[in-house]
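*Asks:* Quick one: the structure is below, questions incoming.
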Amino acid sequence: MTKNAQQRVIAPLVQGFWRLLDWQWSDQQCLGFLQRCIELGIRDTDHADIYGQYECEAAFGQALKLAPHVREDINIITKCGIRPALAKKGLAGKANHYDSSKAHIIASAQQSLKNFNTDRLDVLLIHRPDYLMSADEVAEAFITLKQQGDVLHFGVSNFTPSQFELLQSRLDFPLITNQIECSVYEMKALDDGTLDQCQQHCIHPMIWSPLAGGKLFDETDIKAKRLRTVLEDIAREVSASSIDQVAYAWLNCLPSQPSVVLGTGNIERVKTSVESQSIHLSREQWYRIWQGSTGHSVP
C-alpha cells in the first residue's frame, strides 16, 4: 500500500541567498530581485545563519523592512548548527565545529527571527550532521520552538539515512526535508539510500549545488567536458535554451520530486530555471546523462 504523501511545504524551486553579499546589492535591489522571483512563482527562500559570516540573514531582513507585506508572500527557510572559529563573532575555540545542543538551536533560531524581522521561521534545518548530536536534545529544541510558534516546520541538511531516522524517531511530527547535494555531476545520493528514504517517507529533498557549483562548466575537467557534450545533444533534442535547463530537468525526473535551490542572482537565469519545469526527459535521455557522468553504461 502506498503511503499518503505529506502536504508539500517547499515548492519545486527555491531561491538561495548564500551569495547575497557577493552580489553587492542595495536593500532596494535585493527587494526588487525578491519581488521578481515572486512574480515568477518562486516564493521559497533558502538561508543559513552563517552565510556571509553571519551577515546575509540581516541583509535580507533589511530589504524586507522596505516592504513588510512581502513577508507574507514568501517562505523563509534557514539553517543552524555550524560554528566557525571566528573571533570577531565571539565564538570560543580555535576550530570550526558543529553544535546541535538545545541551547544553541534555540538561540540561533531566535537570532534568525531578529535578523529577518519576522515572528516565525517557516522551516529550520540542522545544517550538518553533528558527531556529538543528542537526538533527544535536538528534539527538545524543535518541540520548544514549535510550541512557541517560532518555527513552523523542521528538517535536516546533509544527513545520512541513519542520522535522519535517528532524529525522526524522537519526534511525533515529521521532518519535512533533507537538503542534500545532487546534480548531473554529483550523483552519490542516487546510491547511498538518501533518495530512497525520501520516497519511503514521502518527503521532498532539497537539492543544493544543482549545477555542481560551477564545475559543470570547468573546461579543464574531463568529466564535465564529457557531460557537457551529452547535455548539449539533449538540449537540442528537447529544444532547451541551455544545458542548465537540461541539468534541472534531469533532477526533476527524480521520483522524490525534489526542491531545487538556485544559487544565482541573475534574474534571467532564474527565468531559465522556471522554464526548465516544462522540459521532460525520456528515460533513455536521463540514463544517457547518467552514463555521461559516470563514464560507463548501466550493468
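Following the order of the C-alpha cells, chains are lettered A, B, ..., residues in each are numbered from 1, and ligands are numbered from 1.
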Contacts of region 165-180 of chain A at 9 Å or less, counting only C-alpha atoms, minus same-chain residues fewer than 4 places along, as a ChimeraX atom specification?
*Replies:* /A:6,8-10,123,125,127,134-136,138-140,142-143,153-161,189,194,198,201-209,259
*Asks:* Could those selected residues go to a file with C-alpha atoms, as a compact mmCIF listing (two decimals), in the first residue's frame?
*Replies:*
```txt
# COMPACT_ATOMS: atom_id res chain seq x y z
CA GLN A 6 2.74 14.75 3.17
CA ARG A 8 4.20 19.77 0.17
CA VAL A 9 5.68 22.62 2.20
CA ILE A 10 8.62 23.57 -0.06
CA VAL A 123 11.43 25.95 8.07
CA LEU A 125 17.16 22.82 9.25
CA HIS A 127 22.88 22.41 8.68
CA SER A 134 21.94 14.00 21.05
CA ALA A 135 18.73 13.22 19.18
CA ASP A 136 16.75 13.77 22.36
CA VAL A 138 17.60 18.27 19.23
CA ALA A 139 14.03 17.01 19.52
CA GLU A 140 13.55 19.04 22.71
CA PHE A 142 12.44 21.52 17.93
CA ILE A 143 9.45 20.88 20.19
CA HIS A 153 8.43 23.10 10.19
CA PHE A 154 11.74 21.31 10.69
CA GLY A 155 14.19 19.33 8.63
CA VAL A 156 17.86 18.48 8.23
CA SER A 157 20.65 19.09 5.77
CA ASN A 158 23.36 16.69 4.58
CA PHE A 159 22.15 13.89 6.90
CA THR A 160 22.69 10.24 6.11
CA PRO A 161 19.61 7.99 6.13
CA ALA A 189 22.66 10.43 -3.42
CA THR A 194 19.17 9.13 0.74
CA CYS A 198 12.82 10.36 0.79
CA HIS A 201 8.84 8.86 3.94
CA CYS A 202 7.11 10.75 1.11
CA ILE A 203 9.25 13.82 1.64
CA HIS A 204 10.79 16.12 -0.94
CA PRO A 205 14.57 16.58 -0.64
CA MET A 206 16.07 20.00 -1.18
CA ILE A 207 18.92 19.96 -3.69
CA TRP A 208 21.89 22.25 -3.24
CA SER A 209 24.51 22.87 -5.90
CA SER A 259 13.03 21.16 -4.42
```
*Asks:* Can you list, as a ChimeraX atom specification, every residue of region 82-223 of chain A that DSSP puts in alpha helix (DSSP H)?
*Replies:* /A:102-116,135-148,161-168,194-201,222-223
*Asks:* Could you please determine the separation between CA of Lys102 (chain A) and CA of Gln163 (chain A) in Å, to one decimal place?
*Replies:*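 Between CA of Lys102 (chain A) and CA of Gln163 (chain A) the gap is 17.1 Å.
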*Asks:* When you count only C-alpha atoms, which of these residues is closest to Gly265 (chain A): A:Met187, A:Arg83, A:Asp22, A:Pro12?
*Replies:*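 Between A:Met187, A:Arg83, A:Asp22, A:Pro12, the residue approaching Gly265 (chain A) most closely is A:Asp22.
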*Asks:* Taking 5 positions as the minimum chain separation for residues in the same chain, which residues sit within 12 Å of Gln110 (chain A) when counting only C-alpha atoms? Answer as a list in words.
*Replies:*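 Once the adjacent positions are removed, what remains is Asp49, Thr78, Cys80, Ala103, His104, Ile105, Asn115, Phe116, Asn117, Thr118, Asp119, Arg120, Leu121, Leu124, Ala141, Thr144, Leu145, Gln148, Gly149, Asp150 and Val151 of chain A.
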*Asks:* Those selected residues, please, written with C-alpha atoms and delivered as an mmCIF file, in the first residue's frame.
*Replies:*
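For reference, part.cif as written:
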```cif
data_model
loop_
_atom_site.group_PDB
_atom_site.id
_atom_site.type_symbol
_atom_site.label_atom_id
_atom_site.label_comp_id
_atom_site.auth_asym_id
_atom_site.auth_seq_id
_atom_site.Cartn_x
_atom_site.Cartn_y
_atom_site.Cartn_z
ATOM 1 C CA ASP A 49 22.803 31.733 9.963
ATOM 2 C CA THR A 78 17.149 28.789 7.262
ATOM 3 C CA CYS A 80 21.843 26.434 12.027
ATOM 4 C CA ALA A 103 20.582 25.884 23.805
ATOM 5 C CA HIS A 104 22.388 26.649 20.560
ATOM 6 C CA ILE A 105 19.499 25.649 18.281
ATOM 7 C CA ASN A 115 17.694 39.114 11.617
ATOM 8 C CA PHE A 116 14.684 38.591 9.345
ATOM 9 C CA ASN A 117 12.435 40.947 11.343
ATOM 10 C CA THR A 118 9.775 38.268 11.438
ATOM 11 C CA ASP A 119 7.651 36.459 14.013
ATOM 12 C CA ARG A 120 8.294 32.954 12.654
ATOM 13 C CA LEU A 121 10.619 30.849 10.544
ATOM 14 C CA LEU A 124 14.511 25.392 10.245
ATOM 15 C CA ALA A 141 14.747 22.157 20.891
ATOM 16 C CA THR A 144 10.109 24.041 22.200
ATOM 17 C CA LEU A 145 10.410 26.203 19.080
ATOM 18 C CA GLN A 148 6.362 28.785 20.958
ATOM 19 C CA GLY A 149 5.325 29.344 17.346
ATOM 20 C CA ASP A 150 8.841 30.427 16.430
ATOM 21 C CA VAL A 151 9.283 27.703 13.777
#
```
*Asks:* Give me, as a PyMOL selection string, the residues of region 132-183 of chain A that a backbone DSSP run labels strand (DSSP E or B).
*Replies:* chain A and resi 151-157+178-181
*Asks:* With only C-alpha atoms as the basis for distance, which of A:Cys182, A:Ile222, A:Leu31, A:Ile38 is at the shortest distance from Ala67 (chain A)?
*Replies:*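 Closest to Ala67 (chain A) of all the choices is A:Leu31.
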*Asks:* I want to know what sits within 8 Å of Ser293 (chain A), based on only C-alpha atoms, with residues of the same chain fewer than 6 positions away left out; could you give that as a list in words?
*Replies:*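 My list of contacting residues is Val184, Tyr185, Lys223, Ala224, Arg226 and Leu227 of chain A.
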*Asks:* Please determine, counting only C-alpha atoms, which residue among A:Asn266, A:Leu281, A:Ala58, A:Pro258 has the shortest atom-to-atom distance to Ala240 (chain A).
*Replies:*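 When distances to Ala240 (chain A) are compared using only C-alpha atoms, the smallest one comes from A:Leu281.
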